[in-house]
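> Got a structure for you, final-v8.pdb, holding PDB, N, CA and C atoms and all ligand atoms.
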ATOM      1  N   MET B   1     -41.573   3.270 102.567  1.00  0.00           N
ATOM      2  CA  MET B   1     -41.331   3.418 104.017  1.00  0.00           C
ATOM      3  C   MET B   1     -39.982   4.115 104.248  1.00  0.00           C
ATOM      4  N   PRO B   2     -39.944   5.155 105.023  1.00  0.00           N
ATOM      5  CA  PRO B   2     -38.672   5.878 105.228  1.00  0.00           C
ATOM      6  C   PRO B   2     -37.665   5.026 105.997  1.00  0.00           C
ATOM      7  N   ASP B   3     -36.401   5.208 105.629  1.00  0.00           N
ATOM      8  CA  ASP B   3     -35.330   4.501 106.323  1.00  0.00           C
ATOM      9  C   ASP B   3     -34.965   5.296 107.575  1.00  0.00           C
ATOM     10  N   ASN B   4     -35.507   4.896 108.686  1.00  0.00           N
ATOM     11  CA  ASN B   4     -35.459   5.749 109.880  1.00  0.00           C
ATOM     12  C   ASN B   4     -35.023   4.924 111.090  1.00  0.00           C
ATOM     13  N   ASN B   5     -33.972   4.145 110.885  1.00  0.00           N
ATOM     14  CA  ASN B   5     -33.568   3.204 111.930  1.00  0.00           C
ATOM     15  C   ASN B   5     -32.448   3.710 112.828  1.00  0.00           C
ATOM     16  N   LEU B   6     -31.991   4.948 112.612  1.00  0.00           N
ATOM     17  CA  LEU B   6     -30.924   5.467 113.465  1.00  0.00           C
ATOM     18  C   LEU B   6     -31.401   5.568 114.912  1.00  0.00           C
ATOM     19  N   ALA B   7     -30.556   5.165 115.842  1.00  0.00           N
ATOM     20  CA  ALA B   7     -30.918   5.241 117.249  1.00  0.00           C
ATOM     21  C   ALA B   7     -30.987   6.692 117.712  1.00  0.00           C
ATOM     22  N   PHE B   8     -30.089   7.530 117.167  1.00  0.00           N
ATOM     23  CA  PHE B   8     -30.064   8.935 117.557  1.00  0.00           C
ATOM     24  C   PHE B   8     -30.130   9.819 116.323  1.00  0.00           C
ATOM     25  N   GLU B   9     -30.998  10.792 116.350  1.00  0.00           N
ATOM     26  CA  GLU B   9     -30.906  11.868 115.377  1.00  0.00           C
ATOM     27  C   GLU B   9     -29.680  12.706 115.713  1.00  0.00           C
ATOM     28  N   PRO B  10     -29.070  13.345 114.719  1.00  0.00           N
ATOM     29  CA  PRO B  10     -27.866  14.140 114.998  1.00  0.00           C
ATOM     30  C   PRO B  10     -28.077  15.171 116.103  1.00  0.00           C
ATOM     31  N   ASP B  11     -29.221  15.833 116.129  1.00  0.00           N
ATOM     32  CA  ASP B  11     -29.474  16.815 117.176  1.00  0.00           C
ATOM     33  C   ASP B  11     -29.495  16.163 118.546  1.00  0.00           C
ATOM     34  N   GLU B  12     -30.137  15.001 118.637  1.00  0.00           N
ATOM     35  CA  GLU B  12     -30.209  14.305 119.920  1.00  0.00           C
ATOM     36  C   GLU B  12     -28.828  13.866 120.379  1.00  0.00           C
ATOM     37  N   LEU B  13     -28.019  13.407 119.420  1.00  0.00           N
ATOM     38  CA  LEU B  13     -26.686  12.943 119.770  1.00  0.00           C
ATOM     39  C   LEU B  13     -25.843  14.092 120.312  1.00  0.00           C
ATOM     40  N   LEU B  14     -25.947  15.257 119.666  1.00  0.00           N
ATOM     41  CA  LEU B  14     -25.208  16.417 120.145  1.00  0.00           C
ATOM     42  C   LEU B  14     -25.643  16.794 121.554  1.00  0.00           C
ATOM     43  N   GLU B  15     -26.943  16.788 121.804  1.00  0.00           N
ATOM     44  CA  GLU B  15     -27.430  17.167 123.124  1.00  0.00           C
ATOM     45  C   GLU B  15     -26.973  16.163 124.179  1.00  0.00           C
ATOM     46  N   TRP B  16     -27.044  14.883 123.795  1.00  0.00           N
ATOM     47  CA  TRP B  16     -26.620  13.832 124.707  1.00  0.00           C
ATOM     48  C   TRP B  16     -25.144  14.004 125.074  1.00  0.00           C
ATOM     49  N   ARG B  17     -24.325  14.285 124.064  1.00  0.00           N
ATOM     50  CA  ARG B  17     -22.887  14.450 124.336  1.00  0.00           C
ATOM     51  C   ARG B  17     -22.634  15.676 125.189  1.00  0.00           C
ATOM     52  N   SER B  18     -23.386  16.746 124.984  1.00  0.00           N
ATOM     53  CA  SER B  18     -23.167  17.940 125.789  1.00  0.00           C
ATOM     54  C   SER B  18     -23.570  17.683 127.241  1.00  0.00           C
ATOM     55  N   GLN B  19     -24.588  16.850 127.430  1.00  0.00           N
ATOM     56  CA  GLN B  19     -24.984  16.526 128.802  1.00  0.00           C
ATOM     57  C   GLN B  19     -23.914  15.679 129.485  1.00  0.00           C
ATOM     58  N   ILE B  20     -23.293  14.789 128.747  1.00  0.00           N
ATOM     59  CA  ILE B  20     -22.207  13.993 129.328  1.00  0.00           C
ATOM     60  C   ILE B  20     -21.032  14.899 129.672  1.00  0.00           C
ATOM     61  N   ASP B  21     -20.717  15.843 128.780  1.00  0.00           N
ATOM     62  CA  ASP B  21     -19.646  16.783 129.085  1.00  0.00           C
ATOM     63  C   ASP B  21     -19.944  17.540 130.369  1.00  0.00           C
ATOM     64  N   THR B  22     -21.193  17.982 130.509  1.00  0.00           N
ATOM     65  CA  THR B  22     -21.579  18.708 131.718  1.00  0.00           C
ATOM     66  C   THR B  22     -21.418  17.818 132.943  1.00  0.00           C
ATOM     67  N   ALA B  23     -21.842  16.582 132.837  1.00  0.00           N
ATOM     68  CA  ALA B  23     -21.729  15.662 133.968  1.00  0.00           C
ATOM     69  C   ALA B  23     -20.270  15.437 134.337  1.00  0.00           C
ATOM     70  N   ASN B  24     -19.422  15.320 133.318  1.00  0.00           N
ATOM     71  CA  ASN B  24     -18.002  15.112 133.598  1.00  0.00           C
ATOM     72  C   ASN B  24     -17.399  16.313 134.317  1.00  0.00           C
ATOM     73  N   ARG B  25     -17.819  17.499 133.920  1.00  0.00           N
ATOM     74  CA  ARG B  25     -17.294  18.697 134.576  1.00  0.00           C
ATOM     75  C   ARG B  25     -17.779  18.799 135.999  1.00  0.00           C
ATOM     76  N   ASN B  26     -18.997  18.306 136.271  1.00  0.00           N
ATOM     77  CA  ASN B  26     -19.632  18.576 137.549  1.00  0.00           C
ATOM     78  C   ASN B  26     -19.559  17.406 138.511  1.00  0.00           C
ATOM     79  N   ASN B  27     -18.792  16.386 138.192  1.00  0.00           N
ATOM     80  CA  ASN B  27     -18.708  15.260 139.118  1.00  0.00           C
ATOM     81  C   ASN B  27     -18.078  15.700 140.428  1.00  0.00           C
ATOM     82  N   ILE B  28     -18.865  15.674 141.449  1.00  0.00           N
ATOM     83  CA  ILE B  28     -18.414  16.112 142.761  1.00  0.00           C
ATOM     84  C   ILE B  28     -18.621  14.971 143.742  1.00  0.00           C
ATOM     85  N   PHE B  29     -17.540  14.519 144.315  1.00  0.00           N
ATOM     86  CA  PHE B  29     -17.626  13.465 145.308  1.00  0.00           C
ATOM     87  C   PHE B  29     -18.069  14.081 146.623  1.00  0.00           C
ATOM     88  N   CYS B  30     -19.134  13.539 147.198  1.00  0.00           N
ATOM     89  CA  CYS B  30     -19.691  14.075 148.432  1.00  0.00           C
ATOM     90  C   CYS B  30     -19.580  13.035 149.547  1.00  0.00           C
ATOM     91  N   HIS B  31     -19.255  13.542 150.726  1.00  0.00           N
ATOM     92  CA  HIS B  31     -19.170  12.671 151.902  1.00  0.00           C
ATOM     93  C   HIS B  31     -19.879  13.365 153.052  1.00  0.00           C
ATOM     94  N   CYS B  32     -20.934  12.738 153.550  1.00  0.00           N
ATOM     95  CA  CYS B  32     -21.692  13.316 154.653  1.00  0.00           C
ATOM     96  C   CYS B  32     -20.938  13.077 155.962  1.00  0.00           C
ATOM     97  N   ARG B  33     -20.649  14.176 156.674  1.00  0.00           N
ATOM     98  CA  ARG B  33     -19.940  14.028 157.942  1.00  0.00           C
ATOM     99  C   ARG B  33     -20.872  13.535 159.048  1.00  0.00           C
ATOM    100  N   SER B  34     -22.183  13.614 158.820  1.00  0.00           N
ATOM    101  CA  SER B  34     -23.132  13.188 159.846  1.00  0.00           C
ATOM    102  C   SER B  34     -23.372  11.682 159.816  1.00  0.00           C
ATOM    103  N   CYS B  35     -23.651  11.124 158.616  1.00  0.00           N
ATOM    104  CA  CYS B  35     -23.994   9.706 158.547  1.00  0.00           C
ATOM    105  C   CYS B  35     -23.006   8.928 157.672  1.00  0.00           C
ATOM    106  N   HIS B  36     -21.994   9.629 157.143  1.00  0.00           N
ATOM    107  CA  HIS B  36     -20.903   9.005 156.383  1.00  0.00           C
ATOM    108  C   HIS B  36     -21.366   8.367 155.079  1.00  0.00           C
ATOM    109  N   THR B  37     -22.532   8.799 154.577  1.00  0.00           N
ATOM    110  CA  THR B  37     -22.922   8.401 153.225  1.00  0.00           C
ATOM    111  C   THR B  37     -21.980   9.054 152.224  1.00  0.00           C
ATOM    112  N   GLU B  38     -21.650   8.338 151.167  1.00  0.00           N
ATOM    113  CA  GLU B  38     -20.824   8.883 150.095  1.00  0.00           C
ATOM    114  C   GLU B  38     -21.573   8.764 148.783  1.00  0.00           C
ATOM    115  N   TRP B  39     -21.503   9.812 147.961  1.00  0.00           N
ATOM    116  CA  TRP B  39     -22.153   9.769 146.647  1.00  0.00           C
ATOM    117  C   TRP B  39     -21.483  10.785 145.742  1.00  0.00           C
ATOM    118  N   VAL B  40     -21.845  10.730 144.468  1.00  0.00           N
ATOM    119  CA  VAL B  40     -21.345  11.697 143.501  1.00  0.00           C
ATOM    120  C   VAL B  40     -22.507  12.575 143.050  1.00  0.00           C
ATOM    121  N   ASP B  41     -22.299  13.872 143.111  1.00  0.00           N
ATOM    122  CA  ASP B  41     -23.363  14.805 142.772  1.00  0.00           C
ATOM    123  C   ASP B  41     -22.856  15.791 141.734  1.00  0.00           C
ATOM    124  N   SER B  42     -23.774  16.559 141.182  1.00  0.00           N
ATOM    125  CA  SER B  42     -23.393  17.572 140.197  1.00  0.00           C
ATOM    126  C   SER B  42     -23.542  18.975 140.768  1.00  0.00           C
ATOM    127  N   SER B  43     -23.819  19.070 142.047  1.00  0.00           N
ATOM    128  CA  SER B  43     -24.066  20.372 142.653  1.00  0.00           C
ATOM    129  C   SER B  43     -23.318  20.489 143.970  1.00  0.00           C
ATOM    130  N   PHE B  44     -22.742  21.678 144.201  1.00  0.00           N
ATOM    131  CA  PHE B  44     -22.131  21.953 145.497  1.00  0.00           C
ATOM    132  C   PHE B  44     -23.167  22.353 146.530  1.00  0.00           C
ATOM    133  N   GLU B  45     -24.427  22.429 146.118  1.00  0.00           N
ATOM    134  CA  GLU B  45     -25.476  22.891 147.023  1.00  0.00           C
ATOM    135  C   GLU B  45     -26.246  21.735 147.651  1.00  0.00           C
ATOM    136  N   ALA B  46     -26.066  20.509 147.141  1.00  0.00           N
ATOM    137  CA  ALA B  46     -26.918  19.409 147.567  1.00  0.00           C
ATOM    138  C   ALA B  46     -26.644  19.020 149.016  1.00  0.00           C
ATOM    139  N   ASN B  47     -27.731  18.771 149.751  1.00  0.00           N
ATOM    140  CA  ASN B  47     -27.610  18.207 151.082  1.00  0.00           C
ATOM    141  C   ASN B  47     -27.465  16.697 150.971  1.00  0.00           C
ATOM    142  N   CYS B  48     -27.138  16.066 152.107  1.00  0.00           N
ATOM    143  CA  CYS B  48     -27.078  14.617 152.141  1.00  0.00           C
ATOM    144  C   CYS B  48     -28.430  14.031 151.774  1.00  0.00           C
ATOM    145  N   ASN B  49     -28.433  13.057 150.867  1.00  0.00           N
ATOM    146  CA  ASN B  49     -29.705  12.472 150.443  1.00  0.00           C
ATOM    147  C   ASN B  49     -30.186  11.393 151.410  1.00  0.00           C
ATOM    148  N   GLN B  50     -29.395  11.065 152.415  1.00  0.00           N
ATOM    149  CA  GLN B  50     -29.816  10.083 153.416  1.00  0.00           C
ATOM    150  C   GLN B  50     -30.377  10.755 154.661  1.00  0.00           C
ATOM    151  N   CYS B  51     -29.649  11.717 155.201  1.00  0.00           N
ATOM    152  CA  CYS B  51     -30.080  12.322 156.469  1.00  0.00           C
ATOM    153  C   CYS B  51     -30.421  13.794 156.317  1.00  0.00           C
ATOM    154  N   GLY B  52     -30.179  14.382 155.132  1.00  0.00           N
ATOM    155  CA  GLY B  52     -30.541  15.773 154.901  1.00  0.00           C
ATOM    156  C   GLY B  52     -29.561  16.763 155.499  1.00  0.00           C
ATOM    157  N   SER B  53     -28.447  16.269 156.035  1.00  0.00           N
ATOM    158  CA  SER B  53     -27.471  17.154 156.660  1.00  0.00           C
ATOM    159  C   SER B  53     -26.824  18.072 155.632  1.00  0.00           C
ATOM    160  N   LYS B  54     -26.507  19.288 156.058  1.00  0.00           N
ATOM    161  CA  LYS B  54     -25.733  20.197 155.220  1.00  0.00           C
ATOM    162  C   LYS B  54     -24.246  20.087 155.517  1.00  0.00           C
ATOM    163  N   ASN B  55     -23.903  19.246 156.460  1.00  0.00           N
ATOM    164  CA  ASN B  55     -22.498  19.083 156.858  1.00  0.00           C
ATOM    165  C   ASN B  55     -21.845  18.073 155.931  1.00  0.00           C
ATOM    166  N   VAL B  56     -21.629  18.495 154.684  1.00  0.00           N
ATOM    167  CA  VAL B  56     -21.162  17.603 153.627  1.00  0.00           C
ATOM    168  C   VAL B  56     -19.806  18.066 153.129  1.00  0.00           C
ATOM    169  N   GLU B  57     -18.878  17.154 153.094  1.00  0.00           N
ATOM    170  CA  GLU B  57     -17.566  17.422 152.502  1.00  0.00           C
ATOM    171  C   GLU B  57     -17.664  17.166 151.003  1.00  0.00           C
ATOM    172  N   ARG B  58     -17.163  18.084 150.188  1.00  0.00           N
ATOM    173  CA  ARG B  58     -17.293  17.951 148.724  1.00  0.00           C
ATOM    174  C   ARG B  58     -15.926  18.059 148.074  1.00  0.00           C
ATOM    175  N   ILE B  59     -15.639  17.114 147.210  1.00  0.00           N
ATOM    176  CA  ILE B  59     -14.354  17.071 146.519  1.00  0.00           C
ATOM    177  C   ILE B  59     -14.635  16.892 145.034  1.00  0.00           C
ATOM    178  N   SER B  60     -14.196  17.820 144.217  1.00  0.00           N
ATOM    179  CA  SER B  60     -14.362  17.662 142.774  1.00  0.00           C
ATOM    180  C   SER B  60     -13.513  16.499 142.289  1.00  0.00           C
ATOM    181  N   CYS B  61     -14.093  15.672 141.414  1.00  0.00           N
ATOM    182  CA  CYS B  61     -13.419  14.445 141.015  1.00  0.00           C
ATOM    183  C   CYS B  61     -12.090  14.728 140.310  1.00  0.00           C
ATOM    184  N   TRP B  62     -12.001  15.871 139.619  1.00  0.00           N
ATOM    185  CA  TRP B  62     -10.749  16.162 138.915  1.00  0.00           C
ATOM    186  C   TRP B  62      -9.631  16.513 139.874  1.00  0.00           C
ATOM    187  N   GLN B  63      -9.946  16.638 141.168  1.00  0.00           N
ATOM    188  CA  GLN B  63      -8.904  16.916 142.148  1.00  0.00           C
ATOM    189  C   GLN B  63      -8.231  15.634 142.647  1.00  0.00           C
ATOM    190  N   PHE B  64      -8.826  14.501 142.330  1.00  0.00           N
ATOM    191  CA  PHE B  64      -8.189  13.258 142.752  1.00  0.00           C
ATOM    192  C   PHE B  64      -6.898  13.065 141.984  1.00  0.00           C
ATOM    193  N   PRO B  65      -5.835  12.681 142.668  1.00  0.00           N
ATOM    194  CA  PRO B  65      -4.574  12.465 141.955  1.00  0.00           C
ATOM    195  C   PRO B  65      -4.619  11.214 141.086  1.00  0.00           C
ATOM    196  N   ASP B  66      -3.932  11.266 139.970  1.00  0.00           N
ATOM    197  CA  ASP B  66      -3.756  10.065 139.149  1.00  0.00           C
ATOM    198  C   ASP B  66      -2.694   9.188 139.772  1.00  0.00           C
ATOM    199  N   ASP B  67      -2.945   7.931 139.826  1.00  0.00           N
ATOM    200  CA  ASP B  67      -1.882   7.038 140.315  1.00  0.00           C
ATOM    201  C   ASP B  67      -1.969   5.694 139.630  1.00  0.00           C
TER     202      ASP B  67
HETATM  203 ZN    ZN P 101     -25.961  12.166 155.938  1.00  0.00          ZN
END
Taking this structure as input, can you express it in the form of C-alpha cells?


Amino acid sequence: MPDNNLAFEPDELLEWRSQIDTANRNNIFCHCRSCHTEWVDSSFEANCNQCGSKNVERISCWQFPDD
C-alpha cells in the first residue's frame, strides 16, 4: 500500500500559497455609502452585495496605518 498520507501534494501546496498571496495583495476594505454594509473584497469592481449599489468606498488594506 503506498504511503500517501500527506494532506497536500507539493503542487497543491504551492498553488494554495500563491492564492493566499493573491488574497493578501487584493484585500480591499469596502464600505457601501448607500446601506453602510462593510466587507472585504478582492476586486475594485464589486458592487455592494447587500443592495447592489455602485456607490462604494474602497480602501486597500495595506493603506491602513500601523498602530
Ligand atoms: Zn449597500

> Using the chain letters and numbers from this file, what does the PyMOL selection byres (((chain B and resi 32) around 8) and not hetatm) select? Give the answer as a VMD selection string.

chain B and resid 29 to 31 33 to 39 47 to 49 53 to 58

> Please indicate the distance in Å from atom N of Ile20 (chain B) to atom C of Ala46 (chain B), rounded to one decimal place.

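Calculated distance between atom N of Ile20 (chain B) and atom C of Ala46 (chain B) is 21.0 Å.
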
> Between CA of Gln19 (chain B) and CA of Ile59 (chain B), what is the distance, to one decimal in Å?

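One can read the CA of Gln19 (chain B) to CA of Ile59 (chain B) distance as 20.7 Å.
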
> In terms of the shortest atom-to-atom distance over all atoms listed in the file, which of B:Leu13, B:Asp21, B:Cys51, B:Phe8 is closest to ligand ZN 101 (chain P)?

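Counting all atoms listed in the file, the residue closest to ligand ZN 101 (chain P) is B:Cys51.
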
> Figure out the distance between atom C of Glu12 (chain B) and CA of Ser60 (chain B), please, to one decimal in Å.

26.9 Å

> List every residue of region 5-60 of chain B that DSSP, applied to the backbone of this structure, places in strand (DSSP E or B), and write the result as a list in words.

Ile28, Phe29, Cys30, His31, Cys32, Glu38, Trp39, Val40, Asp41, Val56, Glu57, Arg58, Ile59 and Ser60 of chain B

> Could you save the residues just selected, with N, CA and C atoms, as a CSV table (one decimal), in the coordinates of the input?


chain,number,residue,atom,x,y,z
B,28,ILE,N,-18.9,15.7,141.4
B,28,ILE,CA,-18.4,16.1,142.8
B,28,ILE,C,-18.6,15.0,143.7
B,29,PHE,N,-17.5,14.5,144.3
B,29,PHE,CA,-17.6,13.5,145.3
B,29,PHE,C,-18.1,14.1,146.6
B,30,CYS,N,-19.1,13.5,147.2
B,30,CYS,CA,-19.7,14.1,148.4
B,30,CYS,C,-19.6,13.0,149.5
B,31,HIS,N,-19.3,13.5,150.7
B,31,HIS,CA,-19.2,12.7,151.9
B,31,HIS,C,-19.9,13.4,153.1
B,32,CYS,N,-20.9,12.7,153.6
B,32,CYS,CA,-21.7,13.3,154.7
B,32,CYS,C,-20.9,13.1,156.0
B,38,GLU,N,-21.6,8.3,151.2
B,38,GLU,CA,-20.8,8.9,150.1
B,38,GLU,C,-21.6,8.8,148.8
B,39,TRP,N,-21.5,9.8,148.0
B,39,TRP,CA,-22.2,9.8,146.6
B,39,TRP,C,-21.5,10.8,145.7
B,40,VAL,N,-21.8,10.7,144.5
B,40,VAL,CA,-21.3,11.7,143.5
B,40,VAL,C,-22.5,12.6,143.0
B,41,ASP,N,-22.3,13.9,143.1
B,41,ASP,CA,-23.4,14.8,142.8
B,41,ASP,C,-22.9,15.8,141.7
B,56,VAL,N,-21.6,18.5,154.7
B,56,VAL,CA,-21.2,17.6,153.6
B,56,VAL,C,-19.8,18.1,153.1
B,57,GLU,N,-18.9,17.2,153.1
B,57,GLU,CA,-17.6,17.4,152.5
B,57,GLU,C,-17.7,17.2,151.0
B,58,ARG,N,-17.2,18.1,150.2
B,58,ARG,CA,-17.3,18.0,148.7
B,58,ARG,C,-15.9,18.1,148.1
B,59,ILE,N,-15.6,17.1,147.2
B,59,ILE,CA,-14.4,17.1,146.5
B,59,ILE,C,-14.6,16.9,145.0
B,60,SER,N,-14.2,17.8,144.2
B,60,SER,CA,-14.4,17.7,142.8
B,60,SER,C,-13.5,16.5,142.3

> Could you give me the centre and size, in Å to one decimal, of an axis-aligned box around all listed atoms of region 33-37 of chain B with 4 Å added on every side, as AutoDock Vina command-line options?


--center_x -22.0 --center_y 11.3 --center_z 156.0 --size_x 12.1 --size_y 13.8 --size_z 15.6

> Going by the chain IDs and residue numbers used in this file, which residues fall under the PyMOL selection byres (((chain B and resi 42) around 6) and not hetatm)? Write them as a PDB file with N, CA and C atoms, keeping the file's coordinate frame.


ATOM      1  N   ASN B  26     -18.997  18.306 136.271  1.00  0.00           N
ATOM      2  CA  ASN B  26     -19.632  18.576 137.549  1.00  0.00           C
ATOM      3  C   ASN B  26     -19.559  17.406 138.511  1.00  0.00           C
ATOM      4  N   ASN B  27     -18.792  16.386 138.192  1.00  0.00           N
ATOM      5  CA  ASN B  27     -18.708  15.260 139.118  1.00  0.00           C
ATOM      6  C   ASN B  27     -18.078  15.700 140.428  1.00  0.00           C
ATOM      7  N   ILE B  28     -18.865  15.674 141.449  1.00  0.00           N
ATOM      8  CA  ILE B  28     -18.414  16.112 142.761  1.00  0.00           C
ATOM      9  C   ILE B  28     -18.621  14.971 143.742  1.00  0.00           C
ATOM     10  N   VAL B  40     -21.845  10.730 144.468  1.00  0.00           N
ATOM     11  CA  VAL B  40     -21.345  11.697 143.501  1.00  0.00           C
ATOM     12  C   VAL B  40     -22.507  12.575 143.050  1.00  0.00           C
ATOM     13  N   ASP B  41     -22.299  13.872 143.111  1.00  0.00           N
ATOM     14  CA  ASP B  41     -23.363  14.805 142.772  1.00  0.00           C
ATOM     15  C   ASP B  41     -22.856  15.791 141.734  1.00  0.00           C
ATOM     16  N   SER B  43     -23.819  19.070 142.047  1.00  0.00           N
ATOM     17  CA  SER B  43     -24.066  20.372 142.653  1.00  0.00           C
ATOM     18  C   SER B  43     -23.318  20.489 143.970  1.00  0.00           C
ATOM     19  N   PHE B  44     -22.742  21.678 144.201  1.00  0.00           N
ATOM     20  CA  PHE B  44     -22.131  21.953 145.497  1.00  0.00           C
ATOM     21  C   PHE B  44     -23.167  22.353 146.530  1.00  0.00           C
TER      22      PHE B  44
END
